[in-house]
Amino acid sequence: MSNLDHYRALAALPLDGGYPTADEQALLDDELYFQRACQAYLWSLPAINMYAMKAGLGRTFGEGYNVLSVFQKRLKPNTVITTPNSDVIYALAFADLSQTGPLVIDAPKGLQALLDDFWHRPLEGPTVGDYTFRGDIGLPGPDRGEGGKYLIVPEGYEGELDTDGYYVYTSRTNGVFIFARGFFTDPSDLSGAVAAVEGIVVRPLNGEAKPMQYVPASDVDSNALFAADGAYFDMLNEFVQSERNDQVDPYMHGVLDALGIRKGAEFAPSAHQRDLLDLAAQTAWRMAKNVAGNFDRESKTLWWADRHWVAHVKTEQDDFMHTLLDEEWRDRTTGYTDIDAKAHMYVNHYSVSSGMMSSIPGKGAKYANAYKDDAGEFLRGEHTYRIDLPANPPANLFWSVALYDAVTASGMDAPGQDYPSLNSGNDLEQNDDGSFTLWIGPEQPAGKRNWLKTVPGKGWFAIIRWYGPTQDFFDRKYTPGDFVRVD
């Protein structure tokens, strides 16, 4: 049977006299509902990735602007969340401006944090010179790591505000994501990094503030992942009901309406529609995973032409100083949304700010994903690979290589392995020329210290992170190797 047979059958429906029979009508109605549901799933991934984090962490650690889930022992695979970084200390909080009104964040010195709304759009902040800060707090933000007071204001706020002494950021949604990172150089001493993120104080501008709760999260199992079945649409409806009316994409909100999701209305699909929604979610999730796993086939995605490392926001191979997409995954030339790049991002990752796209040497971070080995085959847990990294990795703060489960995009959960990553603070073995060789596979190769464990039967992918990328990165003087299968 050809893959096209289903579509040929739809295209050949006779429509006698221009009108469908009852059977043809039912078939076309189902196809339209299914297709709309698939597209709604893909389009809303940024929001539901975010809302699922809020719901999942809230269930486990508590809810409220004052509740900061702190992964004080680093983030481990028992936390199911898309592509976490196990080589920094994470602290995550979720606020609701409809409950608090304008919100103040007291940021301590040495912090690196960001603010996103619930569509994963960085909050717009102050403009200094010709640069507008979007989402960033601390080192990449307007306080430059010296600490300061930030004021988060809902878009269209009509109350009186005294903004003197604040860095003002505006949110287009009620929901605000507060995401802080603390850096360490010695994995055996995390105290400084934990203290940095636990120095954050979040409080309403007006009224009494609740005491901060810095909730230890590293050793507690939690699931902050969005659904890959029909339950996704129940969460999408919950999100729509909880939020302001979003005017950014009225057409797609009309698609939601056609599925039965409309603010102020009950979401009550029939049993038949429930079946279609379930099938559509399962299909759309697979579509997004297919886009992600084959992102190297897209135009302008490869960092280096002879490697399989891909760039989230796309790049020209002869110009690493500029990203081709902006913080909302829009082409910087046309203004159009790059729908595949956005699907790749939010099915397997989360959070964005200008600092994460920074092309200022020594600031922000750069990331590269690999889903395939040097032969173009998907990376799989039953095989053993090596990867060679040249000497002098281009990172002022640190660099790391981390492995992720291809299904959940959370850290590779291999028995006996606390963290699915190796970083520049680890006691890594160097080659005579200063380069590094890492080994990845289900069993540790004899005499090889730089090893990450995988699980047979599970696909995986990798991210290299360079925090504080140096000029050598932007000048393209550093090229990591591909994963090379050795078994």
# chains A, B, ... in the order shown; residues from 1 in each chain; ligands from 1
call {"tool": "closest_atom_pairs", "arguments": {"of": "segment 342-370 of chain A", "to": "segment 280-295 of chain A", "cutoff": "8 Å", "atoms": "only C-alpha atoms", "output": "CSV"}}
result
residue,atom,partner,partner_atom,distance
A:Ala343,CA,A:Ala288,CA,5.7
A:His344,CA,A:Ala292,CA,4.5
A:Met345,CA,A:Ala292,CA,7.8
A:Val347,CA,A:Ala288,CA,6.4
A:Asn348,CA,A:Ala292,CA,7.6
call {"tool": "select_by_dssp", "arguments": {"residues": "segment 144-233 of chain A", "states": "strand (DSSP E or B)", "output": "PyMOL selection string"}}
result
chain A and resi 148-154+167-171+175-182+201-204+213-216+222-223
call {"tool": "write_last_selection", "arguments": {"atoms": "C-alpha atoms", "output": "compact mmCIF listing (two decimals), in the first residue's frame"}}
result
# COMPACT_ATOMS: atom_id res chain seq x y z
CA GLY A 148 19.37 44.63 41.09
CA LYS A 149 15.61 44.98 41.35
CA TYR A 150 13.40 43.83 38.48
CA LEU A 151 9.75 44.74 38.06
CA ILE A 152 7.49 42.46 35.99
CA VAL A 153 4.39 44.23 34.68
CA PRO A 154 1.46 42.68 32.77
CA TYR A 167 14.58 47.18 35.54
CA VAL A 168 11.09 46.88 34.05
CA TYR A 169 10.04 43.82 32.07
CA THR A 170 6.65 43.30 30.42
CA SER A 171 4.77 40.00 30.16
CA GLY A 175 2.05 33.26 33.62
CA VAL A 176 5.71 34.11 34.12
CA PHE A 177 8.54 31.58 34.19
CA ILE A 178 11.49 32.46 36.44
CA PHE A 179 14.51 30.32 35.60
CA ALA A 180 17.83 30.76 37.39
CA ARG A 181 21.17 29.02 36.96
CA GLY A 182 24.02 28.86 39.44
CA VAL A 201 13.53 36.98 46.40
CA VAL A 202 10.22 37.23 44.53
CA ARG A 203 7.41 39.41 45.94
CA PRO A 204 4.38 41.40 44.79
CA GLN A 213 10.41 28.58 49.88
CA TYR A 214 13.59 27.12 48.38
CA VAL A 215 12.45 23.52 47.96
CA PRO A 216 15.17 20.85 47.52
CA SER A 222 9.11 14.43 39.37
CA ASN A 223 7.56 14.52 35.92
call {"tool": "closest_residue", "arguments": {"among": "A:Pro394, A:Pro456, A:Gly468, A:Gly481", "to": "Asp373 of chain A", "atoms": "only C-alpha atoms"}}
result
A:Gly481
call {"tool": "residues_around", "arguments": {"residues": "Cys38 of chain A", "least_positions_apart": "3", "cutoff": "12 Å", "atoms": "only C-alpha atoms", "output": "CSV table (one decimal) with C-alpha atoms, in the first residue's frame"}}
result
chain,number,residue,atom,x,y,z
A,31,GLU,CA,-10.1,14.3,8.4
A,32,LEU,CA,-10.5,18.0,9.0
A,33,TYR,CA,-10.8,17.6,12.8
A,34,PHE,CA,-7.8,15.3,12.9
A,35,GLN,CA,-5.6,17.6,10.8
A,41,TYR,CA,-0.6,20.3,18.9
A,42,LEU,CA,2.5,21.4,17.0
A,43,TRP,CA,1.6,25.1,17.2
A,44,SER,CA,0.9,25.1,21.0
A,45,LEU,CA,4.0,23.1,22.0
A,228,ALA,CA,1.9,12.7,23.8
A,229,ASP,CA,-1.7,11.5,23.8
A,230,GLY,CA,-5.2,13.1,24.0
A,232,TYR,CA,-2.5,17.1,25.9
A,233,PHE,CA,-5.7,18.8,24.7
A,252,MET,CA,-4.8,29.3,15.2
A,255,VAL,CA,-8.5,26.4,15.0
A,256,LEU,CA,-8.7,25.7,18.7
A,259,LEU,CA,-11.7,21.8,18.2
A,276,LEU,CA,-9.5,11.6,17.1
A,277,LEU,CA,-7.8,13.9,19.5
A,278,ASP,CA,-5.9,11.0,21.0
A,279,LEU,CA,-4.8,9.8,17.6
A,280,ALA,CA,-3.9,13.3,16.5
A,281,ALA,CA,-1.7,14.0,19.6
A,282,GLN,CA,0.1,10.7,19.1
A,283,THR,CA,0.7,11.5,15.5
A,284,ALA,CA,1.7,15.1,16.0
A,285,TRP,CA,4.2,14.1,18.7
A,286,ARG,CA,5.8,11.7,16.3
A,287,MET,CA,5.8,14.4,13.6
A,288,ALA,CA,7.7,16.7,16.0
call {"tool": "residues_around", "arguments": {"residues": "Asp116 of chain A", "least_positions_apart": "5", "cutoff": "12 Å", "atoms": "only C-alpha atoms", "output": "ChimeraX atom specification"}}
result
/A:46-47,50-51,92-95,121-125,134-137,152,169-180,327-328,350-354
call {"tool": "residues_around", "arguments": {"residues": "segment 395-406 of chain A", "least_positions_apart": "5", "cutoff": "8 Å", "atoms": "only C-alpha atoms", "output": "MDAnalysis selection string"}}
result
chainID A and resid 83 85:87 185 362 411:413 420:425 458:470
call {"tool": "select_by_dssp", "arguments": {"residues": "segment 71-121 of chain A", "states": "helix (DSSP H, G or I)", "output": "list in words"}}
result
Leu97, Ser98, Gln99 and Thr100 of chain A
call {"tool": "residues_around", "arguments": {"residues": "Glu429 of chain A", "least_positions_apart": "3", "cutoff": "7 Å", "atoms": "only C-alpha atoms", "output": "list in words"}}
result
Phe436, Arg449 and Asn450 of chain A
call {"tool": "residues_around", "arguments": {"residues": "Gly110 of chain A", "least_positions_apart": "5", "cutoff": "7 Å", "atoms": "only C-alpha atoms", "output": "MDAnalysis selection string"}}
result
chainID A and resid 138:139 145:146 196
call {"tool": "write_last_selection", "arguments": {"atoms": "C-alpha atoms", "output": "PDB file, in the first residue's frame"}}
result
ATOM      1  CA  GLY A 138      22.015  38.997  36.011  1.00  0.00           C
ATOM      2  CA  LEU A 139      25.203  38.356  34.068  1.00  0.00           C
ATOM      3  CA  GLY A 145      25.786  40.408  37.422  1.00  0.00           C
ATOM      4  CA  GLU A 146      25.923  43.154  40.041  1.00  0.00           C
ATOM      5  CA  ALA A 196      23.468  32.239  44.168  1.00  0.00           C
TER       6      ALA A 196
END
call {"tool": "decode", "arguments": {"residues": "segment 194-232 of chain A", "atoms": "N, CA and C atoms", "output": "JSON list (two decimals), in the first residue's frame"}}
result
[["chain", "number", "residue", "atom", "x", "y", "z"],
["A", 194, "VAL", "N", 24.48, 27.07, 44.69],
["A", 194, "VAL", "CA", 23.18, 26.99, 45.37],
["A", 194, "VAL", "C", 22.86, 28.32, 46.04],
["A", 195, "ALA", "N", 23.84, 28.91, 46.70],
["A", 195, "ALA", "CA", 23.62, 30.20, 47.38],
["A", 195, "ALA", "C", 23.23, 31.28, 46.38],
["A", 196, "ALA", "N", 23.79, 31.22, 45.17],
["A", 196, "ALA", "CA", 23.47, 32.24, 44.17],
["A", 196, "ALA", "C", 22.00, 32.21, 43.80],
["A", 197, "VAL", "N", 21.45, 31.02, 43.54],
["A", 197, "VAL", "CA", 20.05, 30.96, 43.13],
["A", 197, "VAL", "C", 19.11, 31.14, 44.33],
["A", 198, "GLU", "N", 19.55, 30.73, 45.52],
["A", 198, "GLU", "CA", 18.70, 30.90, 46.70],
["A", 198, "GLU", "C", 18.78, 32.31, 47.26],
["A", 199, "GLY", "N", 19.53, 33.18, 46.59],
["A", 199, "GLY", "CA", 19.52, 34.59, 46.95],
["A", 199, "GLY", "C", 18.38, 35.36, 46.30],
["A", 200, "ILE", "N", 17.65, 34.73, 45.39],
["A", 200, "ILE", "CA", 16.53, 35.38, 44.71],
["A", 200, "ILE", "C", 15.36, 35.56, 45.69],
["A", 201, "VAL", "N", 14.76, 36.73, 45.66],
["A", 201, "VAL", "CA", 13.53, 36.98, 46.40],
["A", 201, "VAL", "C", 12.49, 37.50, 45.41],
["A", 202, "VAL", "N", 11.32, 36.85, 45.42],
["A", 202, "VAL", "CA", 10.22, 37.23, 44.53],
["A", 202, "VAL", "C", 9.07, 37.70, 45.41],
["A", 203, "ARG", "N", 8.48, 38.86, 45.10],
["A", 203, "ARG", "CA", 7.41, 39.41, 45.94],
["A", 203, "ARG", "C", 6.51, 40.32, 45.10],
["A", 204, "PRO", "N", 5.25, 40.43, 45.47],
["A", 204, "PRO", "CA", 4.38, 41.40, 44.79],
["A", 204, "PRO", "C", 4.85, 42.82, 45.05],
["A", 205, "LEU", "N", 4.66, 43.69, 44.09],
["A", 205, "LEU", "CA", 4.99, 45.10, 44.30],
["A", 205, "LEU", "C", 4.12, 45.70, 45.39],
["A", 206, "ASN", "N", 2.86, 45.28, 45.40],
["A", 206, "ASN", "CA", 1.91, 45.80, 46.38],
["A", 206, "ASN", "C", 1.37, 44.67, 47.24],
["A", 207, "GLY", "N", 1.18, 44.91, 48.50],
["A", 207, "GLY", "CA", 0.61, 43.91, 49.39],
["A", 207, "GLY", "C", 1.68, 43.09, 50.09],
["A", 208, "GLU", "N", 1.21, 42.23, 50.94],
["A", 208, "GLU", "CA", 2.11, 41.41, 51.76],
["A", 208, "GLU", "C", 2.74, 40.29, 50.93],
["A", 209, "ALA", "N", 4.01, 40.04, 51.16],
["A", 209, "ALA", "CA", 4.73, 38.99, 50.45],
["A", 209, "ALA", "C", 4.76, 37.71, 51.27],
["A", 210, "LYS", "N", 4.60, 36.59, 50.59],
["A", 210, "LYS", "CA", 4.77, 35.30, 51.25],
["A", 210, "LYS", "C", 6.26, 35.02, 51.42],
["A", 211, "PRO", "N", 6.65, 34.33, 52.46],
["A", 211, "PRO", "CA", 8.07, 33.99, 52.61],
["A", 211, "PRO", "C", 8.52, 33.05, 51.50],
["A", 212, "MET", "N", 9.75, 33.23, 51.06],
["A", 212, "MET", "CA", 10.29, 32.37, 50.01],
["A", 212, "MET", "C", 10.45, 30.94, 50.51],
["A", 213, "GLN", "N", 10.18, 30.00, 49.61],
["A", 213, "GLN", "CA", 10.41, 28.58, 49.88],
["A", 213, "GLN", "C", 11.40, 28.06, 48.83],
["A", 214, "TYR", "N", 12.59, 27.70, 49.27],
["A", 214, "TYR", "CA", 13.59, 27.12, 48.38],
["A", 214, "TYR", "C", 13.53, 25.62, 48.59],
["A", 215, "VAL", "N", 12.80, 24.93, 47.73],
["A", 215, "VAL", "CA", 12.45, 23.52, 47.96],
["A", 215, "VAL", "C", 13.50, 22.62, 47.32],
["A", 216, "PRO", "N", 14.18, 21.78, 48.10],
["A", 216, "PRO", "CA", 15.17, 20.85, 47.52],
["A", 216, "PRO", "C", 14.48, 19.88, 46.57],
["A", 217, "ALA", "N", 15.01, 19.76, 45.34],
["A", 217, "ALA", "CA", 14.31, 19.00, 44.31],
["A", 217, "ALA", "C", 15.12, 17.86, 43.71],
["A", 218, "SER", "N", 16.43, 17.81, 43.94],
["A", 218, "SER", "CA", 17.28, 16.89, 43.19],
["A", 218, "SER", "C", 16.94, 15.42, 43.44],
["A", 219, "ASP", "N", 16.60, 15.07, 44.68],
["A", 219, "ASP", "CA", 16.43, 13.66, 45.02],
["A", 219, "ASP", "C", 14.97, 13.21, 44.98],
["A", 220, "VAL", "N", 14.09, 14.07, 44.50],
["A", 220, "VAL", "CA", 12.66, 13.76, 44.48],
["A", 220, "VAL", "C", 12.23, 13.48, 43.04],
["A", 221, "ASP", "N", 11.63, 12.32, 42.81],
["A", 221, "ASP", "CA", 11.13, 12.01, 41.48],
["A", 221, "ASP", "C", 10.05, 13.02, 41.08],
["A", 222, "SER", "N", 10.14, 13.52, 39.86],
["A", 222, "SER", "CA", 9.11, 14.43, 39.37],
["A", 222, "SER", "C", 9.00, 14.29, 37.86],
["A", 223, "ASN", "N", 7.81, 14.61, 37.37],
["A", 223, "ASN", "CA", 7.56, 14.52, 35.92],
["A", 223, "ASN", "C", 6.95, 15.84, 35.47],
["A", 224, "ALA", "N", 7.69, 16.56, 34.65],
["A", 224, "ALA", "CA", 7.25, 17.87, 34.18],
["A", 224, "ALA", "C", 7.10, 17.87, 32.66],
["A", 225, "LEU", "N", 6.74, 16.71, 32.10],
["A", 225, "LEU", "CA", 6.69, 16.54, 30.65],
["A", 225, "LEU", "C", 5.26, 16.64, 30.14],
["A", 226, "PHE", "N", 5.08, 17.25, 28.98],
["A", 226, "PHE", "CA", 3.77, 17.34, 28.33],
["A", 226, "PHE", "C", 3.37, 15.97, 27.79],
["A", 227, "ALA", "N", 2.08, 15.81, 27.55],
["A", 227, "ALA", "CA", 1.55, 14.52, 27.11],
["A", 227, "ALA", "C", 1.76, 14.31, 25.62],
["A", 228, "ALA", "N", 1.86, 13.05, 25.23],
["A", 228, "ALA", "CA", 1.93, 12.66, 23.82],
["A", 228, "ALA", "C", 0.68, 11.90, 23.42],
["A", 229, "ASP", "N", -0.43, 12.16, 24.11],
["A", 229, "ASP", "CA", -1.71, 11.54, 23.79],
["A", 229, "ASP", "C", -2.81, 12.58, 23.99],
["A", 230, "GLY", "N", -4.06, 12.14, 23.99],
["A", 230, "GLY", "CA", -5.18, 13.07, 24.04],
["A", 230, "GLY", "C", -5.24, 13.94, 25.28],
["A", 231, "ALA", "N", -4.57, 13.54, 26.36],
["A", 231, "ALA", "CA", -4.55, 14.38, 27.56],
["A", 231, "ALA", "C", -3.92, 15.73, 27.29],
["A", 232, "TYR", "N", -3.11, 15.82, 26.25],
["A", 232, "TYR", "CA", -2.50, 17.09, 25.85],
["A", 232, "TYR", "C", -3.56, 18.17, 25.65]]
